[in-house]
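> Enclosed is the structure file start_12.cif (mmCIF, C-alpha atoms).
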data_coords
loop_
_atom_site.label_atom_id
_atom_site.label_comp_id
_atom_site.auth_asym_id
_atom_site.auth_seq_id
_atom_site.Cartn_x
_atom_site.Cartn_y
_atom_site.Cartn_z
CA MET A 1 3.16 -32.78 -32.60
CA GLU A 2 3.77 -29.13 -33.43
CA LEU A 3 6.80 -27.41 -34.86
CA ARG A 4 7.44 -25.69 -31.52
CA HIS A 5 7.83 -29.10 -29.87
CA ILE A 6 10.57 -29.92 -32.36
CA ARG A 7 12.32 -26.59 -31.88
CA TYR A 8 12.14 -26.96 -28.10
CA PHE A 9 13.58 -30.47 -28.30
CA LEU A 10 16.48 -29.32 -30.48
CA ALA A 11 17.29 -26.48 -28.09
CA VAL A 12 17.46 -28.89 -25.14
CA ALA A 13 19.46 -31.42 -27.19
CA GLU A 14 21.97 -28.70 -28.06
CA GLU A 15 22.36 -27.26 -24.56
CA MET A 16 21.87 -30.53 -22.66
CA ASN A 17 20.39 -28.40 -19.92
CA PHE A 18 16.75 -27.33 -19.49
CA THR A 19 17.59 -24.03 -17.81
CA ARG A 20 20.03 -22.90 -20.51
CA ALA A 21 17.68 -24.07 -23.25
CA ALA A 22 14.81 -22.13 -21.69
CA GLU A 23 16.96 -19.00 -21.57
CA LYS A 24 17.89 -19.47 -25.21
CA LEU A 25 14.23 -19.86 -26.15
CA CYS A 26 13.17 -16.94 -23.92
CA ILE A 27 10.63 -19.04 -22.02
CA ALA A 28 10.41 -20.30 -18.44
CA GLN A 29 11.99 -23.63 -17.58
CA PRO A 30 8.88 -25.45 -16.22
CA PRO A 31 6.81 -24.95 -19.42
CA LEU A 32 9.77 -26.16 -21.48
CA SER A 33 10.10 -29.32 -19.38
CA ARG A 34 6.37 -29.88 -19.73
CA GLN A 35 6.52 -29.50 -23.55
CA ILE A 36 9.32 -32.05 -23.78
CA LYS A 37 7.39 -34.44 -21.56
CA GLU A 38 4.35 -34.09 -23.79
CA LEU A 39 6.50 -34.83 -26.84
CA GLU A 40 7.90 -37.96 -25.20
CA GLU A 41 4.39 -39.12 -24.26
CA GLU A 42 3.20 -38.61 -27.83
CA LEU A 43 6.15 -40.58 -29.22
CA GLY A 44 5.90 -43.22 -26.53
CA VAL A 45 9.63 -43.10 -25.75
CA SER A 46 12.05 -41.24 -23.52
CA LEU A 47 14.19 -38.83 -25.50
CA PHE A 48 16.50 -37.93 -22.62
CA ILE A 49 18.16 -39.74 -19.75
CA ARG A 50 17.71 -37.37 -16.83
CA LYS A 51 20.50 -37.42 -14.26
CA PRO A 52 21.24 -34.99 -11.42
CA HIS A 53 22.75 -31.91 -13.07
CA ALA A 54 23.08 -33.71 -16.42
CA LEU A 55 21.10 -34.78 -19.48
CA GLN A 56 21.90 -37.38 -22.09
CA LEU A 57 20.10 -38.31 -25.29
CA THR A 58 18.68 -41.82 -25.43
CA GLU A 59 19.15 -43.88 -28.57
CA GLU A 60 15.64 -42.85 -29.60
CA GLY A 61 16.51 -39.25 -28.83
CA GLN A 62 19.56 -39.38 -31.09
CA MET A 63 17.49 -40.72 -33.95
CA PHE A 64 14.72 -38.17 -33.38
CA ARG A 65 17.29 -35.39 -33.35
CA GLN A 66 18.38 -36.26 -36.88
CA TYR A 67 14.80 -36.16 -38.16
CA ALA A 68 14.03 -33.01 -36.18
CA MET A 69 16.98 -31.19 -37.71
CA ARG A 70 15.78 -32.12 -41.18
CA VAL A 71 12.26 -30.91 -40.43
CA VAL A 72 13.44 -27.54 -39.12
CA ASP A 73 15.86 -27.19 -42.00
CA LEU A 74 13.08 -27.90 -44.51
CA VAL A 75 10.78 -25.36 -42.85
CA ASN A 76 13.53 -22.72 -42.86
CA ARG A 77 14.44 -23.42 -46.46
CA SER A 78 10.83 -23.25 -47.64
CA ALA A 79 10.43 -19.84 -46.00
CA GLU A 80 13.70 -18.65 -47.51
CA ASP A 81 12.81 -19.91 -50.98
CA VAL A 82 9.42 -18.20 -50.97
CA ARG A 83 10.91 -14.92 -49.73
CA GLU A 84 13.77 -15.10 -52.18
CA MET A 85 11.40 -15.37 -55.14
CA LYS A 86 10.75 -11.69 -54.54
CA THR A 87 13.77 -10.22 -52.80
CA GLY A 88 16.72 -12.51 -53.55
CA LEU A 89 18.87 -14.73 -51.31
CA HIS A 90 18.59 -14.07 -47.56
CA GLY A 91 19.73 -15.82 -44.41
CA MET A 92 22.55 -16.07 -41.89
CA ILE A 93 25.59 -18.21 -42.70
CA TYR A 94 27.45 -19.58 -39.68
CA LEU A 95 31.19 -19.85 -40.24
CA ALA A 96 34.19 -20.85 -38.14
CA SER A 97 37.90 -20.73 -38.82
CA VAL A 98 41.37 -21.01 -37.44
CA GLU A 99 43.67 -17.99 -37.34
CA GLY A 100 46.40 -17.43 -39.87
CA HIS A 101 45.30 -16.98 -43.47
CA ALA A 102 41.78 -18.35 -42.92
CA PRO A 103 40.19 -14.98 -42.00
CA THR A 104 41.63 -13.52 -45.20
CA LEU A 105 40.08 -16.33 -47.23
CA PHE A 106 36.66 -15.91 -45.66
CA SER A 107 36.76 -12.13 -46.09
CA GLU A 108 37.62 -12.49 -49.79
CA TRP A 109 34.88 -15.07 -50.35
CA ILE A 110 32.29 -13.02 -48.49
CA ALA A 111 33.22 -9.89 -50.45
CA GLY A 112 32.79 -11.73 -53.75
CA PHE A 113 29.55 -13.46 -52.73
CA HIS A 114 28.14 -10.21 -51.35
CA GLN A 115 28.20 -8.62 -54.79
CA ASP A 116 25.49 -11.01 -56.02
CA HIS A 117 23.73 -11.62 -52.68
CA PRO A 118 23.76 -8.37 -50.66
CA HIS A 119 21.02 -9.49 -48.23
CA VAL A 120 22.94 -12.46 -46.79
CA CYS A 121 24.46 -12.01 -43.30
CA TYR A 122 27.40 -13.82 -41.70
CA ASN A 123 28.34 -15.04 -38.22
CA LEU A 124 32.07 -15.78 -37.85
CA TRP A 125 33.80 -17.62 -34.99
CA ASN A 126 37.52 -18.28 -34.48
CA GLY A 127 39.41 -21.00 -32.60
CA ASN A 128 42.03 -23.68 -33.15
CA SER A 129 41.38 -26.56 -35.56
CA ASP A 130 40.19 -28.98 -32.87
CA ASP A 131 37.72 -26.42 -31.50
CA VAL A 132 36.48 -25.57 -35.00
CA ILE A 133 35.90 -29.25 -35.87
CA ASN A 134 34.05 -29.76 -32.60
CA ARG A 135 31.85 -26.77 -33.37
CA LEU A 136 31.09 -28.05 -36.86
CA MET A 137 30.18 -31.54 -35.65
CA LYS A 138 27.77 -30.06 -33.11
CA GLY A 139 26.00 -28.12 -35.85
CA LEU A 140 27.05 -24.75 -34.44
CA CYS A 141 28.55 -23.69 -37.76
CA GLU A 142 27.94 -24.74 -41.35
CA LEU A 143 31.25 -24.13 -43.11
CA ALA A 144 34.70 -23.96 -41.56
CA ILE A 145 38.37 -23.58 -42.40
CA ILE A 146 40.88 -25.69 -40.48
CA MET A 147 44.51 -26.65 -40.94
CA GLU A 148 45.85 -30.07 -41.80
CA PRO A 149 46.35 -32.63 -40.48
CA HIS A 150 42.81 -33.63 -39.62
CA ASN A 151 41.19 -36.99 -39.16
CA ALA A 152 37.65 -35.79 -38.52
CA GLU A 153 35.14 -38.35 -39.75
CA GLY A 154 31.89 -37.30 -41.35
CA VAL A 155 33.18 -34.16 -43.08
CA ASN A 156 33.70 -33.13 -46.68
CA ALA A 157 36.87 -31.17 -47.37
CA ILE A 158 38.57 -29.26 -50.16
CA PRO A 159 42.05 -27.70 -49.96
CA VAL A 160 42.03 -23.91 -50.31
CA TYR A 161 45.49 -22.58 -49.38
CA SER A 162 48.99 -23.49 -48.26
CA GLU A 163 51.88 -21.50 -46.81
CA PRO A 164 55.35 -22.26 -45.41
CA TRP A 165 56.18 -22.62 -41.74
CA ILE A 166 58.40 -19.94 -40.22
CA ALA A 167 60.47 -19.41 -37.12
CA MET A 168 60.06 -16.16 -35.21
CA LEU A 169 63.28 -15.52 -33.32
CA PRO A 170 64.06 -12.88 -30.71
CA GLN A 171 66.84 -10.61 -31.94
CA ALA A 172 68.78 -11.62 -28.83
CA CYS A 173 68.95 -15.22 -30.12
CA PRO A 174 72.31 -16.02 -31.81
CA LEU A 175 70.45 -17.71 -34.69
CA ALA A 176 68.76 -14.42 -35.56
CA LYS A 177 72.15 -12.98 -36.49
CA GLU A 178 72.92 -15.68 -39.06
CA PRO A 179 72.71 -14.50 -42.69
CA GLY A 180 69.80 -15.43 -44.97
CA ASP A 181 66.03 -15.63 -44.63
CA THR A 182 65.88 -19.38 -43.86
CA ILE A 183 66.70 -21.41 -40.76
CA ASP A 184 67.53 -25.09 -40.48
CA PHE A 185 65.00 -26.69 -38.12
CA GLN A 186 67.66 -28.93 -36.65
CA LYS A 187 69.39 -25.85 -35.23
CA LEU A 188 66.28 -25.02 -33.17
CA ALA A 189 66.03 -28.34 -31.36
CA ASP A 190 67.97 -27.20 -28.29
CA TYR A 191 66.16 -23.87 -27.86
CA ASP A 192 62.96 -23.09 -25.96
CA LEU A 193 60.12 -23.33 -28.45
CA ILE A 194 56.64 -21.83 -28.67
CA ILE A 195 54.25 -23.90 -30.79
CA PRO A 196 50.49 -24.10 -31.58
CA SER A 197 48.34 -25.70 -28.90
CA ARG A 198 46.66 -28.19 -31.22
CA GLU A 199 47.50 -31.67 -29.94
CA SER A 200 48.60 -33.10 -33.29
CA ARG A 201 51.10 -30.27 -33.82
CA LEU A 202 53.51 -31.47 -31.13
CA GLN A 203 53.89 -34.87 -32.78
CA GLU A 204 54.15 -33.31 -36.21
CA ILE A 205 56.90 -30.90 -35.15
CA THR A 206 58.74 -33.64 -33.23
CA ASP A 207 58.69 -35.80 -36.37
CA TRP A 208 60.57 -33.07 -38.24
CA LEU A 209 63.60 -33.93 -36.13
CA GLY A 210 63.79 -37.36 -37.71
CA CYS A 211 65.18 -38.66 -34.43
CA PRO A 212 62.72 -40.89 -32.51
CA GLY A 213 62.93 -40.49 -28.75
CA ARG A 214 64.50 -37.05 -28.83
CA GLU A 215 62.39 -34.48 -27.05
CA LEU A 216 61.97 -30.82 -27.93
CA LYS A 217 62.04 -28.07 -25.30
CA ILE A 218 58.48 -26.78 -25.51
CA ARG A 219 58.19 -23.63 -23.43
CA CYS A 220 54.66 -22.59 -24.45
CA ARG A 221 51.73 -24.01 -26.41
CA LEU A 222 49.35 -21.35 -27.63
CA ALA A 223 46.06 -21.07 -29.47
CA HIS A 224 46.45 -17.46 -30.64
CA MET A 225 49.14 -16.09 -32.91
CA LEU A 226 49.24 -12.67 -31.29
CA ASN A 227 50.32 -14.23 -28.00
CA ALA A 228 53.08 -16.15 -29.78
CA TYR A 229 54.47 -13.02 -31.43
CA GLU A 230 54.47 -11.07 -28.19
CA LEU A 231 56.20 -13.87 -26.27
CA THR A 232 58.87 -14.04 -28.94
CA ARG A 233 59.32 -10.27 -28.73
CA GLN A 234 59.87 -10.66 -24.97
CA ASN A 235 62.58 -13.29 -25.59
CA VAL A 236 60.59 -16.15 -24.02
CA GLY A 237 61.40 -18.51 -26.87
CA ILE A 238 61.41 -19.19 -30.61
CA THR A 239 57.98 -19.47 -32.16
CA LEU A 240 57.14 -22.04 -34.84
CA TYR A 241 53.98 -21.10 -36.75
CA PRO A 242 52.65 -20.89 -40.30
CA ALA A 243 53.86 -17.82 -42.20
CA SER A 244 50.72 -15.73 -41.66
CA ALA A 245 51.63 -15.58 -37.95
CA ASN A 246 54.04 -12.81 -38.95
CA ILE A 247 51.63 -10.07 -37.89
CA GLY A 248 54.10 -7.50 -36.63
CA THR A 249 56.98 -5.35 -37.84
CA ASP A 250 58.86 -5.06 -34.58
CA SER A 251 62.63 -5.01 -35.16
CA SER A 252 63.10 -7.12 -32.05
CA VAL A 253 61.66 -10.16 -33.87
CA CYS A 254 63.46 -11.87 -36.75
CA ILE A 255 61.44 -13.98 -39.21
CA LYS A 256 63.04 -16.91 -41.04
CA ARG A 257 61.44 -19.61 -43.20
CA LEU A 258 61.95 -23.17 -41.94
CA VAL A 259 64.01 -25.57 -44.02
CA ASN A 260 65.36 -29.08 -43.46
CA PRO A 261 62.62 -30.01 -43.56
CA GLU A 262 60.88 -27.40 -45.70
CA VAL A 263 57.29 -27.81 -44.53
CA THR A 264 54.00 -26.19 -45.44
CA ALA A 265 50.75 -25.60 -43.59
CA SER A 266 47.63 -26.50 -45.56
CA TYR A 267 44.17 -25.01 -45.04
CA VAL A 268 41.01 -26.91 -45.95
CA LEU A 269 37.37 -25.88 -46.14
CA ILE A 270 35.13 -28.42 -44.41
CA TRP A 271 31.42 -29.04 -43.95
CA SER A 272 29.51 -31.84 -42.27
CA LYS A 273 28.12 -34.83 -44.12
CA ASN A 274 25.47 -35.22 -41.44
CA HIS A 275 24.04 -31.70 -41.16
CA HIS A 276 22.08 -30.02 -43.91
CA LEU A 277 23.35 -26.65 -45.04
CA SER A 278 20.97 -23.73 -45.08
CA HIS A 279 20.08 -22.45 -48.54
CA ALA A 280 22.38 -19.45 -48.12
CA ALA A 281 25.28 -21.64 -46.91
CA ALA A 282 24.77 -24.11 -49.77
CA GLU A 283 24.89 -21.28 -52.31
CA PHE A 284 27.97 -19.83 -50.60
CA LEU A 285 29.67 -23.24 -50.78
CA GLU A 286 28.90 -23.53 -54.49
CA TYR A 287 30.39 -20.09 -55.04
CA ILE A 288 33.58 -21.08 -53.19
CA LYS A 289 33.88 -24.26 -55.26
CA THR A 290 33.93 -22.22 -58.45
CA LEU A 291 37.11 -20.55 -57.14
CA TYR A 292 38.84 -23.94 -56.76
CA PRO A 293 37.72 -26.01 -59.77
CA ASP A 294 40.76 -28.31 -59.56
CA ASN A 295 40.26 -29.17 -55.89
CA GLU A 296 36.89 -30.93 -55.95
#
Mind converting the file's structure to structure tokens?


Amino acid sequence: MELRHIRYFLAVAEEMNFTRAAEKLCIAQPPLSRQIKELEEELGVSLFIRKPHALQLTEEGQMFRQYAMRVVDLVNRSAEDVREMKTGLHGMIYLASVEGHAPTLFSEWIAGFHQDHPHVCYNLWNGNSDDVINRLMKGLCELAIIMEPHNAEGVNAIPVYSEPWIAMLPQACPLAKEPGDTIDFQKLADYDLIIPSRESRLQEITDWLGCPGRELKIRCRLAHMLNAYELTRQNVGITLYPASANIGTDSSVCIKRLVNPEVTASYVLIWSKNHHLSHAAAEFLEYIKTLYPDNE
């Protein structure tokens, strides 16, 4: 068994498609299939269940994937460690985050870490919390910021930020003309609402009513804050989002902090218990932890 066999297997296990894996590896598909077959013959087991237009890992394949990931990680780390003895920390750190305040957090952390480790590079991806968790569990990123609530198993988490929820109201809405910078949530229940697309948010926001069985008028569910702001500006509905969604200064949108209940959105940094962090990512995580000594 050679290291290339392991790398080829991991590429197929990630893509679950020989053609896409071959493209990712920059080789032809037939040689890739042959290499995987040779690996299976050497191990004496089938690593994949081959179906028309679909692949699935066997139980043996799932176990081998865990060992293969450790082997590749060890090889990568050994190369990094040897190189870093001369030139300092290198590597690419794969990150993912939700919108809101998370990009600000990552940018601040990267700026601070960069001062001591200028050769490290970063790959950032954005999506909603469910998408980010899914990406982390698949090993496509190493560290991620999501918003509570989350019930993802197999992750470590530390809280890193919190902010209040706000209502973005079109100026044409009668509630926008009320005095003060807060708005009672109960007053919004009969208006068309725009809320985050994350599945758990609907239940969470409905629970704020404190009236089981009463339904809210959800006009739109969105993954991106910019869309929510623009829809509010066009008088489509009232947007409920964490405070960092206030990304504009248009006079046609009125911003009020939610009260009754007064709720906050919490951000947490997560990483998988099942995937090894690269050396650079592990060092980055340790740096972040020093910024939140009370949260570990």

> Which residues, written as a VMD selection string, have at least one atom at most 6 Å from segment 227-239 of chain A, with all atoms listed in the file counted and residues fewer than 5 positions away on the same chain left out?

chain A and resid 167 to 170 192 to 195 252 to 253

> Run the PyMOL selection byres ((chain A and resi 45-53) around 10) on the file and write out the hits as a PyMOL selection string.

chain A and resi 9+12-13+16-18+36-37+39-44+54-65

> Name the residues in contact with His114 of chain A at a cut-off of 12 Å, using all atoms listed in the file, excluding same-chain residues fewer than 2 positions from it; report them as a CSV table (one decimal) with C-alpha atoms, in the frame of the given file.


chain,number,residue,atom,x,y,z
A,88,GLY,CA,16.7,-12.5,-53.6
A,89,LEU,CA,18.9,-14.7,-51.3
A,90,HIS,CA,18.6,-14.1,-47.6
A,106,PHE,CA,36.7,-15.9,-45.7
A,107,SER,CA,36.8,-12.1,-46.1
A,108,GLU,CA,37.6,-12.5,-49.8
A,109,TRP,CA,34.9,-15.1,-50.4
A,110,ILE,CA,32.3,-13.0,-48.5
A,111,ALA,CA,33.2,-9.9,-50.4
A,112,GLY,CA,32.8,-11.7,-53.8
A,116,ASP,CA,25.5,-11.0,-56.0
A,117,HIS,CA,23.7,-11.6,-52.7
A,118,PRO,CA,23.8,-8.4,-50.7
A,119,HIS,CA,21.0,-9.5,-48.2
A,120,VAL,CA,22.9,-12.5,-46.8
A,121,CYS,CA,24.5,-12.0,-43.3
A,122,TYR,CA,27.4,-13.8,-41.7
A,280,ALA,CA,22.4,-19.4,-48.1
A,283,GLU,CA,24.9,-21.3,-52.3
A,284,PHE,CA,28.0,-19.8,-50.6
A,287,TYR,CA,30.4,-20.1,-55.0

> Which residues match the PyMOL selection byres ((chain A and resi 95) around 7) in the file above, as a list in words?

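When the PyMOL selection byres ((chain A and resi 95) around 7) is applied, the selected residues are Ile93, Tyr94, Ala96, Ser97, Asn123, Leu124, Trp125, Cys141, Glu142, Leu143 and Ala144 of chain A.
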
> For Asn274 of chain A, which of A:Met69, A:Met147, A:Ala28, A:Ala11 is the closest residue, counting all atoms listed in the file?

A:Met69

> Written as an NGL selection string, which residues does the PyMOL selection byres ((chain A and resi 162) around 10) give for the file shown?

:A and (101 or 147-148 or 159-161 or 163-165 or 242-243 or 264-268)

> Contacts of Val155 of chain A at 10 Å or less, counting only C-alpha atoms, minus same-chain residues fewer than 2 places along, as a ChimeraX atom specification?

/A:133,136-137,151-153,157,269-275

> To one decimal in Å, tell me the separation between atom CA of Leu226 of chain A and atom CA of Leu240 of chain A.

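Computing the Euclidean distance for atom CA of Leu226 of chain A and atom CA of Leu240 of chain A yields 12.8 Å.
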
> What is the atom CA of Glu14 of chain A to atom CA of Lys138 of chain A distance in Å?

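That distance, rounded to one decimal, is 7.8 Å.
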
> Could you state the separation of atom CA of Pro179 of chain A and atom CA of Tyr191 of chain A in Å, given to one decimal place?

18.7 Å

> Would you pick out the contacts of Glu178 of chain A at 12 Å or less, using all atoms listed in the file, so that residues sharing its chain but fewer than 3 positions from it are not included, and give the list as a ChimeraX atom specification?

/A:169,171-175,181-184,187,254-256

> Write a file of the selected residues as a CSV table (one decimal), keeping the file's coordinate frame, keeping C-alpha atoms.


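Wrote selection-v5.csv, looks like this:
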chain,number,residue,atom,x,y,z
A,169,LEU,CA,63.3,-15.5,-33.3
A,171,GLN,CA,66.8,-10.6,-31.9
A,172,ALA,CA,68.8,-11.6,-28.8
A,173,CYS,CA,69.0,-15.2,-30.1
A,174,PRO,CA,72.3,-16.0,-31.8
A,175,LEU,CA,70.4,-17.7,-34.7
A,181,ASP,CA,66.0,-15.6,-44.6
A,182,THR,CA,65.9,-19.4,-43.9
A,183,ILE,CA,66.7,-21.4,-40.8
A,184,ASP,CA,67.5,-25.1,-40.5
A,187,LYS,CA,69.4,-25.8,-35.2
A,254,CYS,CA,63.5,-11.9,-36.8
A,255,ILE,CA,61.4,-14.0,-39.2
A,256,LYS,CA,63.0,-16.9,-41.0

> What's around Ala245 of chain A at 7 Å? Count all atoms listed in the file, leave out sequence neighbours fewer than 4 positions away in its own chain, and write the answer as a PyMOL selection string.

chain A and resi 100+225+241

> Hey, which of A:Asn134, A:Asn260, A:Ser129, A:Gln203 ends up closest to Ala223 of chain A? Count only C-alpha atoms.

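Comparing A:Asn134, A:Asn260, A:Ser129, A:Gln203 against Ala223 of chain A, the winner is A:Ser129.
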